[in-house]
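Asker: Structure file query35.cif (mmCIF, C-alpha atoms) right here:
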data_work
loop_
_atom_site.label_atom_id
_atom_site.label_comp_id
_atom_site.auth_asym_id
_atom_site.auth_seq_id
_atom_site.Cartn_x
_atom_site.Cartn_y
_atom_site.Cartn_z
CA MET Y 3 -14.65 6.14 8.54
CA THR Y 4 -12.52 3.09 7.83
CA GLU Y 5 -8.89 2.21 7.21
CA VAL Y 6 -8.04 2.06 3.52
CA SER Y 7 -7.26 -1.49 2.47
CA SER Y 8 -4.51 -2.28 -0.05
CA SER Y 9 -7.02 -3.32 -2.71
CA GLU Y 10 -8.99 -0.11 -2.19
CA TYR Y 11 -5.73 1.79 -2.44
CA LEU Y 12 -5.06 0.28 -5.88
CA LEU Y 13 -8.61 1.08 -6.96
CA LEU Y 14 -8.15 4.70 -5.87
CA HIS Y 15 -5.15 4.95 -8.17
CA ALA Y 16 -7.15 3.37 -10.99
CA LEU Y 17 -9.96 5.89 -10.39
CA ALA Y 18 -7.49 8.79 -10.40
CA ASP Y 19 -6.10 7.49 -13.69
CA GLY Y 20 -9.57 7.07 -15.26
CA GLU Y 21 -9.02 3.34 -15.70
CA LEU Y 22 -12.12 2.01 -13.95
CA ASP Y 23 -15.26 1.07 -15.80
CA ALA Y 24 -18.38 3.13 -15.21
CA ALA Y 25 -19.94 0.84 -12.61
CA ALA Y 26 -16.81 0.52 -10.48
CA ALA Y 27 -16.05 4.24 -10.76
CA MET Y 28 -19.56 5.24 -9.64
CA SER Y 29 -19.41 2.83 -6.72
CA LEU Y 30 -16.03 4.11 -5.56
CA GLU Y 31 -17.06 7.75 -5.99
CA ALA Y 32 -20.05 7.10 -3.76
CA ARG Y 33 -17.72 5.69 -1.12
CA LEU Y 34 -15.38 8.67 -1.47
CA ALA Y 35 -18.28 11.02 -0.80
CA ALA Y 36 -19.13 9.16 2.40
CA ASP Y 37 -15.65 8.36 3.74
CA PRO Y 38 -13.29 11.25 4.61
CA VAL Y 39 -10.30 8.93 5.10
CA LEU Y 40 -10.73 7.51 1.64
CA ALA Y 41 -11.28 11.00 0.22
CA ALA Y 42 -8.08 12.27 1.85
CA GLU Y 43 -6.11 9.35 0.43
CA TYR Y 44 -7.58 10.06 -3.00
CA ALA Y 45 -6.58 13.72 -2.72
CA ARG Y 46 -2.98 12.69 -1.92
CA ILE Y 47 -2.87 10.39 -4.92
CA LEU Y 48 -4.16 13.15 -7.18
CA ALA Y 49 -1.56 15.54 -5.77
CA VAL Y 50 1.34 13.18 -6.50
CA LYS Y 51 -0.02 12.41 -9.96
CA GLU Y 52 -0.42 16.10 -10.73
CA ARG Y 53 3.17 16.86 -9.68
CA THR Y 54 4.58 13.93 -11.64
CA LYS Y 55 2.72 14.94 -14.77
CA ALA Y 56 4.14 18.43 -14.38
CA LEU Y 57 7.59 17.02 -15.12
CA GLY Y 58 6.51 17.00 -18.74
CA LYS Y 59 8.37 15.79 -21.79
CA PRO Y 60 11.68 17.12 -23.08
CA THR Y 61 11.50 19.36 -26.12
CA VAL Y 62 13.12 18.15 -29.30
CA SER Y 63 16.00 20.47 -30.12
CA PRO Y 64 16.55 21.46 -33.78
CA ASP Y 65 19.94 19.74 -33.67
CA PHE Y 66 18.40 16.47 -32.48
CA ALA Y 67 15.55 16.74 -35.00
CA ALA Y 68 18.16 17.09 -37.75
CA ARG Y 69 19.96 13.97 -36.49
CA ILE Y 70 16.72 12.01 -36.67
CA ALA Y 71 15.83 13.39 -40.10
CA ALA Y 72 19.25 12.30 -41.32
CA ILE Y 73 18.34 8.67 -40.61
CA THR Y 74 15.92 8.51 -43.52
CA SER Y 75 18.12 10.51 -45.89
CA ASP Y 76 21.16 8.34 -45.06
CA ALA Y 77 19.16 5.21 -45.73
CA LYS Y 78 17.90 6.68 -49.00
CA SER Y 79 21.39 7.45 -50.22
CA THR Y 80 22.94 4.15 -49.13
CA SER Y 81 20.09 1.90 -50.19
CA ALA Y 82 21.00 0.11 -53.37
CA ARG Y 83 18.52 -2.25 -54.85
CA PRO Y 84 20.00 -5.74 -55.40
CA GLN Y 85 20.14 -6.72 -59.04
CA ALA Y 86 17.74 -9.40 -60.16
CA ARG Y 87 19.37 -12.79 -60.18
CA ILE Y 88 18.94 -15.33 -62.90
CA LEU Y 89 17.59 -18.42 -61.20
CA SER Y 90 18.64 -21.83 -62.36
CA PHE Y 91 16.45 -24.86 -61.68
CA ASP Y 92 18.86 -26.28 -59.13
CA HIS Y 93 19.00 -22.95 -57.29
CA PRO Y 94 17.83 -23.26 -53.65
CA SER Y 95 15.01 -20.74 -54.30
CA TRP Y 96 13.26 -23.24 -56.56
CA ARG Y 97 13.35 -25.76 -53.74
CA ALA Y 98 11.94 -23.12 -51.38
CA LEU Y 99 9.20 -22.39 -53.91
CA ALA Y 100 8.30 -26.08 -54.15
CA ALA Y 101 8.26 -26.37 -50.36
CA SER Y 102 5.98 -23.35 -50.09
CA VAL Y 103 3.55 -24.88 -52.61
CA VAL Y 104 3.38 -28.08 -50.58
CA LEU Y 105 2.89 -26.13 -47.35
CA THR Y 106 0.15 -23.99 -48.91
CA ALA Y 107 -1.69 -27.09 -50.11
CA PHE Y 108 -1.41 -28.64 -46.65
CA ALA Y 109 -2.63 -25.47 -44.94
CA ALA Y 110 -5.54 -25.09 -47.38
CA SER Y 111 -6.72 -28.68 -46.91
CA GLY Y 112 -6.36 -28.39 -43.12
CA GLY Y 113 -8.29 -25.13 -43.10
CA THR Y 114 -11.10 -26.66 -45.16
CA TYR Y 115 -11.30 -29.56 -42.74
CA LEU Y 116 -11.40 -27.25 -39.73
CA LEU Y 117 -14.07 -25.05 -41.30
CA SER Y 118 -16.27 -27.99 -42.18
CA SER Y 119 -15.96 -29.71 -38.80
CA ALA Y 120 -15.69 -26.71 -36.48
CA PRO Y 121 -18.44 -26.53 -33.85
CA HIS Y 122 -21.12 -23.96 -34.58
CA TYR Y 123 -22.22 -22.00 -31.55
CA ASP Y 124 -25.84 -21.17 -31.26
CA PHE Y 125 -25.96 -17.87 -29.43
CA SER Y 126 -29.07 -17.92 -27.33
CA VAL Y 127 -30.86 -15.07 -25.59
CA GLU Y 128 -28.96 -15.94 -22.39
CA ASP Y 129 -25.65 -15.56 -24.22
CA GLN Y 130 -26.70 -12.22 -25.63
CA VAL Y 131 -27.87 -10.96 -22.23
CA ALA Y 132 -24.61 -12.04 -20.60
CA ASN Y 133 -22.54 -10.50 -23.38
CA ASP Y 134 -24.48 -7.24 -23.19
CA HIS Y 135 -24.08 -7.19 -19.42
CA HIS Y 136 -20.35 -7.82 -19.73
CA ARG Y 137 -19.95 -5.11 -22.34
CA SER Y 138 -21.96 -2.61 -20.29
CA LEU Y 139 -19.52 -3.08 -17.40
CA LEU Y 140 -16.59 -2.20 -19.62
CA ALA Y 141 -18.12 0.87 -21.17
CA THR Y 142 -16.83 4.29 -20.25
CA SER Y 143 -20.35 5.62 -20.13
CA PRO Y 144 -23.27 4.17 -18.18
CA ILE Y 145 -25.54 4.85 -21.16
CA ASP Y 146 -25.62 3.15 -24.51
CA VAL Y 147 -23.83 4.74 -27.44
CA VAL Y 148 -26.09 4.82 -30.47
CA SER Y 149 -24.31 3.42 -33.46
CA THR Y 150 -25.29 2.26 -36.92
CA ASP Y 151 -22.01 0.42 -37.40
CA ARG Y 152 -22.90 -2.67 -35.38
CA HIS Y 153 -20.22 -4.96 -36.66
CA THR Y 154 -17.28 -2.82 -35.67
CA VAL Y 155 -15.58 -3.58 -32.35
CA LYS Y 156 -15.69 -0.31 -30.49
CA PRO Y 157 -12.36 0.64 -28.95
CA TRP Y 158 -14.02 2.27 -25.92
CA LEU Y 159 -15.38 -1.13 -24.91
CA ASP Y 160 -11.85 -2.42 -24.44
CA GLN Y 161 -10.21 0.48 -22.63
CA LYS Y 162 -11.39 0.09 -19.06
CA LEU Y 163 -10.70 -2.48 -16.40
CA GLY Y 164 -13.52 -4.99 -16.06
CA MET Y 165 -14.59 -5.13 -12.42
CA SER Y 166 -17.38 -7.21 -10.90
CA PRO Y 167 -20.16 -4.98 -9.62
CA PRO Y 168 -20.88 -5.10 -5.89
CA THR Y 169 -23.77 -7.41 -5.06
CA ALA Y 170 -26.32 -6.23 -2.50
CA ASP Y 171 -27.77 -8.87 -0.21
CA LEU Y 172 -31.53 -8.64 -0.67
CA SER Y 173 -32.34 -11.93 1.00
CA ALA Y 174 -33.64 -10.09 4.09
CA ALA Y 175 -36.17 -8.32 1.87
CA GLY Y 176 -37.62 -11.59 0.69
CA PHE Y 177 -35.65 -11.98 -2.52
CA PRO Y 178 -34.16 -15.46 -2.75
CA ALA Y 179 -30.54 -15.59 -3.79
CA CYS Y 180 -28.99 -18.18 -5.99
CA ARG Y 181 -26.44 -20.39 -4.32
CA ARG Y 182 -23.89 -20.49 -7.07
CA PRO Y 183 -22.65 -17.27 -8.61
CA CYS Y 184 -21.87 -17.27 -12.30
CA ARG Y 185 -18.12 -17.51 -12.55
CA CYS Y 186 -17.54 -18.95 -15.96
CA ARG Y 187 -19.36 -19.38 -19.19
CA ARG Y 188 -18.16 -21.67 -21.95
CA GLY Y 189 -14.77 -21.79 -20.33
CA ARG Y 190 -14.43 -17.99 -20.10
CA ARG Y 191 -14.37 -16.02 -16.89
CA CYS Y 192 -16.99 -13.33 -16.70
CA PRO Y 193 -18.01 -10.80 -14.06
CA ASP Y 194 -20.21 -12.04 -11.26
CA THR Y 195 -23.72 -11.72 -12.64
CA ARG Y 196 -25.34 -12.92 -9.46
CA LEU Y 197 -28.40 -10.78 -8.86
CA TRP Y 198 -31.60 -11.19 -6.93
CA ALA Y 199 -35.03 -12.14 -8.21
CA PRO Y 200 -37.20 -11.21 -9.98
CA GLU Y 201 -34.97 -9.40 -12.48
CA ALA Y 202 -32.09 -11.73 -11.91
CA PHE Y 203 -30.41 -14.07 -14.27
CA ASP Y 204 -27.74 -16.59 -13.60
CA PHE Y 205 -26.24 -19.19 -15.82
CA GLY Y 206 -24.62 -21.37 -13.23
CA CYS Y 207 -21.44 -23.23 -13.88
CA CYS Y 208 -20.92 -24.33 -17.44
CA ASP Y 209 -18.43 -27.03 -16.65
CA PRO Y 210 -20.17 -30.37 -17.25
CA ALA Y 211 -17.78 -32.02 -14.81
CA GLN Y 212 -19.01 -29.76 -12.01
CA GLY Y 213 -22.70 -29.66 -12.65
CA ARG Y 214 -25.49 -29.94 -15.17
CA ARG Y 215 -27.63 -27.06 -16.24
CA ASP Y 216 -31.31 -27.60 -16.78
CA ALA Y 217 -32.98 -24.36 -17.77
CA LYS Y 218 -36.39 -23.75 -19.24
CA ARG Y 219 -38.68 -20.79 -19.76
CA ARG Y 220 -41.75 -20.31 -17.62
CA ALA Y 221 -44.17 -17.38 -18.00
CA GLY Y 222 -41.49 -15.29 -19.59
CA PHE Y 223 -38.94 -15.92 -16.84
CA GLN Y 224 -35.86 -18.01 -17.02
CA ASP Y 225 -36.10 -20.99 -14.72
CA GLY Y 226 -32.74 -22.56 -14.13
CA ARG Y 227 -31.72 -25.45 -11.92
CA TRP Y 228 -28.25 -26.91 -11.45
CA LEU Y 229 -27.73 -30.45 -10.37
CA GLN Y 230 -24.54 -31.86 -9.00
CA HIS Y 231 -24.10 -35.44 -7.86
CA GLY Y 232 -27.84 -35.93 -8.13
CA ARG Y 233 -28.84 -33.18 -5.74
CA LEU Y 234 -30.14 -29.67 -6.35
CA ASP Y 235 -27.19 -27.33 -6.24
CA GLY Y 236 -28.77 -24.08 -7.35
CA GLU Y 237 -32.07 -22.62 -8.45
CA ARG Y 238 -32.89 -19.41 -10.16
CA PHE Y 239 -36.05 -17.73 -11.47
CA MET B 9 1.64 9.34 -56.25
CA ASN B 10 4.01 6.45 -56.69
CA LEU B 11 6.65 6.06 -54.00
CA ASN B 12 9.42 3.53 -54.05
CA ALA B 13 10.05 1.30 -51.01
CA SER B 14 12.67 3.60 -49.52
CA GLU B 15 10.44 6.64 -49.83
CA GLN B 16 7.51 4.74 -48.38
CA SER B 17 9.60 3.73 -45.37
CA ALA B 18 10.74 7.31 -44.90
CA GLU B 19 7.15 8.54 -45.08
CA LEU B 20 6.02 5.92 -42.56
CA PHE B 21 8.91 6.90 -40.30
CA ARG B 22 7.85 10.55 -40.43
CA GLN B 23 4.26 9.61 -39.57
CA ILE B 24 4.92 6.99 -36.90
CA VAL B 25 8.18 7.90 -35.17
CA VAL B 26 8.83 11.62 -35.50
CA PRO B 27 5.61 12.84 -33.76
CA HIS B 28 6.45 10.75 -30.69
CA LEU B 29 10.06 11.81 -30.22
CA PRO B 30 9.25 13.83 -27.07
CA ASP B 31 7.72 10.69 -25.52
CA ALA B 32 10.75 8.66 -26.53
CA LEU B 33 13.10 11.26 -25.06
CA ALA B 34 11.10 11.37 -21.80
CA LEU B 35 11.27 7.61 -21.32
CA ALA B 36 14.97 7.43 -22.27
CA ARG B 37 15.78 10.40 -20.05
CA TRP B 38 14.31 8.72 -16.97
CA LEU B 39 15.74 5.30 -17.75
CA THR B 40 19.26 6.57 -18.43
CA GLY B 41 19.13 9.50 -16.00
CA SER B 42 20.61 11.95 -18.49
CA VAL B 43 19.18 14.13 -21.26
CA HIS B 44 22.32 13.78 -23.40
CA ASP B 45 22.39 10.00 -23.04
CA ALA B 46 18.66 9.97 -23.81
CA GLU B 47 19.31 11.65 -27.17
CA ASP B 48 21.90 9.03 -28.09
CA VAL B 49 19.55 6.22 -27.06
CA VAL B 50 16.60 7.68 -28.96
CA GLN B 51 18.71 8.17 -32.06
CA GLU B 52 19.77 4.52 -31.93
CA ALA B 53 16.16 3.49 -31.27
CA SER B 54 15.02 5.59 -34.24
CA ILE B 55 17.49 3.77 -36.49
CA ARG B 56 16.12 0.44 -35.24
CA ALA B 57 12.57 1.69 -35.74
CA PHE B 58 13.35 2.79 -39.30
CA LYS B 59 14.81 -0.62 -40.12
CA ALA B 60 11.75 -2.34 -38.67
CA ILE B 61 9.17 0.16 -39.93
CA GLU B 62 7.66 -2.39 -42.33
CA SER B 63 6.85 -4.68 -39.39
CA TYR B 64 4.73 -2.02 -37.67
CA GLU B 65 1.23 -3.50 -37.40
CA GLY B 66 -0.72 -0.31 -36.82
CA ARG B 67 -1.67 -0.99 -33.21
CA GLY B 68 -0.62 2.38 -31.85
CA PRO B 69 2.64 4.02 -32.84
CA ARG B 70 3.55 5.30 -29.37
CA PRO B 71 3.64 1.94 -27.51
CA TRP B 72 5.47 0.46 -30.51
CA LEU B 73 8.15 3.16 -30.51
CA LEU B 74 8.46 3.18 -26.71
CA SER B 75 9.03 -0.58 -26.70
CA ILE B 76 11.96 -0.08 -29.06
CA VAL B 77 13.27 2.81 -26.97
CA ARG B 78 13.02 0.72 -23.79
CA ASN B 79 14.90 -2.20 -25.34
CA THR B 80 17.54 0.15 -26.72
CA CYS B 81 17.89 1.71 -23.27
CA PHE B 82 18.62 -1.66 -21.70
CA THR B 83 21.16 -2.49 -24.38
CA TRP B 84 22.78 0.90 -23.83
CA LEU B 85 22.76 0.52 -20.03
CA ALA B 86 24.23 -2.98 -20.24
CA LYS B 87 27.04 -1.62 -22.40
CA ASN B 88 27.71 1.66 -20.63
CA ARG B 89 26.60 1.04 -17.05
CA PRO B 90 26.66 -2.70 -16.47
CA LYS B 91 26.55 -2.35 -12.67
CA GLU B 92 23.37 -0.30 -12.80
CA ILE B 93 21.52 -2.71 -15.04
CA VAL B 94 22.52 -5.64 -12.84
CA LEU B 95 21.40 -3.90 -9.68
CA ALA B 96 18.07 -2.59 -11.02
CA GLY B 97 15.14 -4.69 -9.88
CA THR B 98 17.09 -7.39 -8.03
CA SER B 99 15.28 -9.43 -5.42
CA ALA B 100 17.25 -7.68 -2.65
CA GLU B 101 16.18 -4.30 -3.91
CA MET B 102 12.60 -5.45 -4.22
CA ASP B 103 12.64 -6.89 -0.70
CA GLU B 104 13.99 -3.64 0.66
CA THR B 105 11.25 -1.74 -1.10
CA GLU B 106 8.60 -4.15 0.08
CA ILE B 107 9.76 -3.84 3.70
CA GLY B 108 9.67 -0.08 3.49
CA LEU B 109 6.16 -0.14 2.12
CA GLN B 110 4.88 -2.68 4.59
CA GLU B 111 5.92 -0.44 7.47
CA ASP B 112 3.75 2.36 6.14
CA PRO B 113 1.81 1.15 3.12
CA ARG B 114 0.13 4.38 2.24
CA LEU B 115 2.88 6.80 3.25
CA ASP B 116 0.47 9.39 4.38
CA PRO B 117 1.92 12.83 3.48
CA GLU B 118 -0.33 15.86 3.27
CA ALA B 119 -1.72 16.58 -0.15
CA ASP B 120 -0.91 20.28 0.23
CA LEU B 121 2.72 19.53 0.97
CA ILE B 122 2.96 17.45 -2.18
CA ARG B 123 1.35 20.15 -4.25
CA LYS B 124 3.81 22.72 -2.95
CA ALA B 125 6.85 20.53 -3.53
CA ASP B 126 9.10 22.09 -6.13
CA MET B 127 10.12 20.47 -9.37
CA ALA B 128 13.61 19.59 -8.17
CA ALA B 129 12.18 17.56 -5.29
CA ILE B 130 9.89 15.65 -7.65
CA GLU B 131 12.72 15.01 -10.11
CA SER B 132 14.90 13.77 -7.29
CA ALA B 133 12.11 11.53 -6.00
CA VAL B 134 11.49 10.03 -9.45
CA GLY B 135 15.20 9.62 -10.06
CA VAL B 136 15.75 7.46 -6.97
CA LEU B 137 12.83 5.13 -7.67
CA PRO B 138 13.71 1.51 -8.48
CA ARG B 139 13.83 1.11 -12.24
CA ILE B 140 10.79 -1.17 -12.45
CA TYR B 141 8.62 1.39 -10.64
CA ARG B 142 10.11 4.36 -12.46
CA GLU B 143 9.41 3.01 -15.95
CA VAL B 144 5.75 2.27 -15.15
CA LEU B 145 5.33 5.73 -13.62
CA ILE B 146 6.87 7.46 -16.64
CA LEU B 147 4.98 5.34 -19.14
CA HIS B 148 1.69 6.22 -17.44
CA ASP B 149 2.04 9.74 -16.07
CA ILE B 150 4.38 11.23 -18.67
CA ASN B 151 3.83 9.11 -21.78
CA ASP B 152 0.08 8.77 -21.09
CA LEU B 153 -0.11 5.05 -21.85
CA SER B 154 -3.06 3.16 -20.37
CA TYR B 155 -2.70 0.30 -17.90
CA LYS B 156 -3.47 -2.16 -20.70
CA GLU B 157 -0.89 -0.67 -23.05
CA ILE B 158 1.78 -0.76 -20.34
CA ALA B 159 0.89 -4.35 -19.42
CA ALA B 160 1.16 -5.41 -23.05
CA MET B 161 4.40 -3.51 -23.56
CA LEU B 162 6.14 -4.89 -20.47
CA SER B 163 4.50 -8.35 -20.71
CA ILE B 164 3.21 -8.15 -17.14
CA PRO B 165 -0.34 -8.47 -15.72
CA ILE B 166 -2.44 -5.33 -15.25
CA GLY B 167 -2.46 -5.94 -11.50
CA THR B 168 1.34 -5.66 -11.48
CA VAL B 169 1.11 -2.39 -13.39
CA MET B 170 -1.34 -1.10 -10.78
CA SER B 171 0.78 -2.14 -7.81
CA ARG B 172 4.02 -0.77 -9.31
CA LEU B 173 2.35 2.53 -10.11
CA SER B 174 0.86 2.88 -6.63
CA ARG B 175 4.19 2.01 -4.99
CA ALA B 176 6.02 4.48 -7.19
CA ARG B 177 3.64 7.25 -6.16
CA GLY B 178 3.83 6.17 -2.53
CA GLN B 179 7.61 6.39 -2.58
CA ILE B 180 7.52 9.80 -4.25
CA ALA B 181 5.17 11.04 -1.54
CA ALA B 182 7.46 9.61 1.16
CA HIS B 183 10.52 11.21 -0.46
CA ILE B 184 8.87 14.62 -0.55
CA GLU B 185 7.71 14.29 3.02
CA GLN B 186 11.23 13.37 4.14
CA ALA B 187 12.73 16.25 2.22
CA ALA B 188 10.30 18.69 3.81
CA SER B 189 10.86 17.50 7.38
#
As structure tokens, what does this structure read like?
Answerer:
Amino acid sequence: MTEVSSSEYLLLHALADGELDAAAAMSLEARLAADPVLAAEYARILAVKERTKALGKPTVSPDFAARIAAITSDAKSTSARPQARILSFDHPSWRALAASVVLTAFAASGGTYLLSSAPHYDFSVEDQVANDHHRSLLATSPIDVVSTDRHTVKPWLDQKLGMSPPTADLSAAGFPACRRPCRCRRGRRCPDTRLWAPEAFDFGCCDPAQGRRDAKRRAGFQDGRWLQHGRLDGERF
Amino acid sequence: MNLNASEQSAELFRQIVVPHLPDALALARWLTGSVHDAEDVVQEASIRAFKAIESYEGRGPRPWLLSIVRNTCFTWLAKNRPKEIVLAGTSAEMDETEIGLQEDPRLDPEADLIRKADMAAIESAVGVLPRIYREVLILHDINDLSYKEIAAMLSIPIGTVMSRLSRARGQIAAHIEQAAS
């Protein structure tokens, strides 16, 4: 039985509102089952939420609905299409047209340059694993959703709050831990993917200014080492 | 079926705005504090929405309409109740709220008491909330917007949405507890 911290208090609200991803929700639910103080706090939050929701929405009166409907009919009756103007060559619209042609040509040439010189990312297995892991944390369901439409961005993958999963310390059980948790990848923040061997993976820090990654495959396992200032800064198998 | 531009706008308006009028009225009612004022605000917001209907990008009609309603509310409040709009969300008010919450951050009323509280007590508790807490509470609990939608609509981080929502609920619980004692 522990005192509820302010961050836990916010997470309880997020759980009550169904805003947590599956991993964070399951973790917090397990804590709720084991901690009566936390469970009581959660019950109070649910009670307030339930009462607030009961306030409901006002009903739209027929009179008000008629006022709103009149907006479109008024606009219809007052809208008069402007008559087509005869444009002379020295009319400002011709100058605007010429300017737009120049701008379009500039944009097209710039776009071609960018397309031809843009860096091409080679998505490796590590990238795919990290992306899959990140997506799984944001999913509403702990199981995969079978889909044949693989190129569509699924809205349910972007509805929940991304939370880093809790990391269990398995070093006492003989599993070596990596020294540097994965905090960023190609300049993007990502959840802490620090896990323990042998199923672990870790991509270290991607910032060349902070360290250099030297990873290779060995017997089917990813062998990664990170050097900083000439000394070994992290090792992962 | 060929529709001219005016008819297309009217059809879009009927599809995008009209179904969400109860949400718009709920938000305006709690921001203005009056059902009658809310109707005036929503009517003005509907006119603005109709004029801007072509700019709707299809990313959810409800947040789009509620953004217009919220902006219209502030314009209306600035015109009709300038003192209230100046006082809402000032640093002094925020400090006062912060101090109150720091003394008892979780405001620990009994869940049963809250459940038994009548509607008038809840309405009173919501009505006295600072505006910045009240709008987040209404947008989430009444209008059913997600944290992300509220954050995007108010241009604030999700963490701020979470803290405002939790403080709003904490103050409601404290209000009910005070009323009962």
Asker: Which polymer residues have any atom within 8 Å of an atom of Arg56 of chain B, counting all atoms listed in the file, with same-chain residues fewer than 4 positions away left out, as a PDB file with C-alpha atoms, in the coordinates of the input?
Answerer:
ATOM      1  CA  GLU B  52      19.770   4.520 -31.930  1.00  0.00           C
ATOM      2  CA  ALA B  60      11.750  -2.340 -38.670  1.00  0.00           C
ATOM      3  CA  ILE B  76      11.960  -0.080 -29.060  1.00  0.00           C
TER       4      ILE B  76
END
Asker: Provide as a PDB file with C-alpha atoms, in the frame of the given file the residues of chain Y at most 7 Å from chain B, counting all atoms listed in the file.
Answerer:
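Heads up, here's the output in out_18.pdb:
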ATOM      1  CA  LEU Y  12      -5.060   0.280  -5.880  1.00  0.00           C
ATOM      2  CA  HIS Y  15      -5.150   4.950  -8.170  1.00  0.00           C
ATOM      3  CA  ALA Y  45      -6.580  13.720  -2.720  1.00  0.00           C
ATOM      4  CA  ARG Y  46      -2.980  12.690  -1.920  1.00  0.00           C
ATOM      5  CA  ALA Y  49      -1.560  15.540  -5.770  1.00  0.00           C
ATOM      6  CA  VAL Y  50       1.340  13.180  -6.500  1.00  0.00           C
ATOM      7  CA  LYS Y  51      -0.020  12.410  -9.960  1.00  0.00           C
ATOM      8  CA  ARG Y  53       3.170  16.860  -9.680  1.00  0.00           C
ATOM      9  CA  THR Y  54       4.580  13.930 -11.640  1.00  0.00           C
ATOM     10  CA  LYS Y  55       2.720  14.940 -14.770  1.00  0.00           C
ATOM     11  CA  GLY Y  58       6.510  17.000 -18.740  1.00  0.00           C
ATOM     12  CA  LYS Y  59       8.370  15.790 -21.790  1.00  0.00           C
ATOM     13  CA  PRO Y  60      11.680  17.120 -23.080  1.00  0.00           C
ATOM     14  CA  THR Y  61      11.500  19.360 -26.120  1.00  0.00           C
ATOM     15  CA  VAL Y  62      13.120  18.150 -29.300  1.00  0.00           C
ATOM     16  CA  ILE Y  70      16.720  12.010 -36.670  1.00  0.00           C
ATOM     17  CA  ILE Y  73      18.340   8.670 -40.610  1.00  0.00           C
ATOM     18  CA  THR Y  74      15.920   8.510 -43.520  1.00  0.00           C
ATOM     19  CA  LYS Y  78      17.900   6.680 -49.000  1.00  0.00           C
TER      20      LYS Y  78
END
Asker: What does the distance between atom CA of Arg70 of chain B and atom CA of Ile24 of chain B come to in Å, to one decimal place?
Answerer: 7.8 Å
Asker: How many Å lie between atom CA of Ala57 of chain B and atom CA of Pro165 of chain B, rounded to one decimal?
Answerer: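 So the two atoms, atom CA of Ala57 of chain B and atom CA of Pro165 of chain B, lie 25.9 Å apart.
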Asker: Atom CA of Leu73 of chain B and atom CA of Ala53 of chain B are how many Å apart?
Answerer: 8.1 Å
Asker: Here is a test: counting only C-alpha atoms, which residue of Y:Ala36, Y:Asp134, Y:Ile47, Y:Arg69 is nearest to Leu17 of chain Y?
Answerer: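 With only C-alpha atoms as the atom set, the closest residue is Y:Ile47.
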Asker: Given the point (-11.8, 6.3, -9.9) in the coordinates of this file, which residues lie within 12 Å, counting all atoms listed in the file, and how would they look as a short mmCIF file (atom, residue, chain, number, x, y, z; two decimals) with C-alpha atoms, in the coordinates of the input?
Answerer:
data_model
loop_
_atom_site.label_atom_id
_atom_site.label_comp_id
_atom_site.auth_asym_id
_atom_site.auth_seq_id
_atom_site.Cartn_x
_atom_site.Cartn_y
_atom_site.Cartn_z
CA GLU Y 10 -8.99 -0.11 -2.19
CA TYR Y 11 -5.73 1.79 -2.44
CA LEU Y 12 -5.06 0.28 -5.88
CA LEU Y 13 -8.61 1.08 -6.96
CA LEU Y 14 -8.15 4.70 -5.87
CA HIS Y 15 -5.15 4.95 -8.17
CA ALA Y 16 -7.15 3.37 -10.99
CA LEU Y 17 -9.96 5.89 -10.39
CA ALA Y 18 -7.49 8.79 -10.40
CA ASP Y 19 -6.10 7.49 -13.69
CA GLY Y 20 -9.57 7.07 -15.26
CA GLU Y 21 -9.02 3.34 -15.70
CA LEU Y 22 -12.12 2.01 -13.95
CA ASP Y 23 -15.26 1.07 -15.80
CA ALA Y 24 -18.38 3.13 -15.21
CA ALA Y 25 -19.94 0.84 -12.61
CA ALA Y 26 -16.81 0.52 -10.48
CA ALA Y 27 -16.05 4.24 -10.76
CA MET Y 28 -19.56 5.24 -9.64
CA SER Y 29 -19.41 2.83 -6.72
CA LEU Y 30 -16.03 4.11 -5.56
CA GLU Y 31 -17.06 7.75 -5.99
CA ALA Y 32 -20.05 7.10 -3.76
CA ARG Y 33 -17.72 5.69 -1.12
CA LEU Y 34 -15.38 8.67 -1.47
CA LEU Y 40 -10.73 7.51 1.64
CA ALA Y 41 -11.28 11.00 0.22
CA TYR Y 44 -7.58 10.06 -3.00
CA ALA Y 45 -6.58 13.72 -2.72
CA ILE Y 47 -2.87 10.39 -4.92
CA LEU Y 48 -4.16 13.15 -7.18
CA THR Y 142 -16.83 4.29 -20.25
CA LYS Y 162 -11.39 0.09 -19.06
CA LEU Y 163 -10.70 -2.48 -16.40
#
Asker: What's around Cys81 of chain B at 9 Å? Count all atoms listed in the file, leave out sequence neighbours fewer than 3 positions away in its own chain, and write the answer as a VMD selection string.
Answerer: chain B and resid 36 39 to 40 46 49 to 50 53 76 to 78 84 to 86
Asker: Export C-alpha atoms of the chosen residues as a CSV table (one decimal), keeping the file's coordinate frame?
Answerer:
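Final output, saved to selection.csv:
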chain,number,residue,atom,x,y,z
B,36,ALA,CA,15.0,7.4,-22.3
B,39,LEU,CA,15.7,5.3,-17.8
B,40,THR,CA,19.3,6.6,-18.4
B,46,ALA,CA,18.7,10.0,-23.8
B,49,VAL,CA,19.6,6.2,-27.1
B,50,VAL,CA,16.6,7.7,-29.0
B,53,ALA,CA,16.2,3.5,-31.3
B,76,ILE,CA,12.0,-0.1,-29.1
B,77,VAL,CA,13.3,2.8,-27.0
B,78,ARG,CA,13.0,0.7,-23.8
B,84,TRP,CA,22.8,0.9,-23.8
B,85,LEU,CA,22.8,0.5,-20.0
B,86,ALA,CA,24.2,-3.0,-20.2
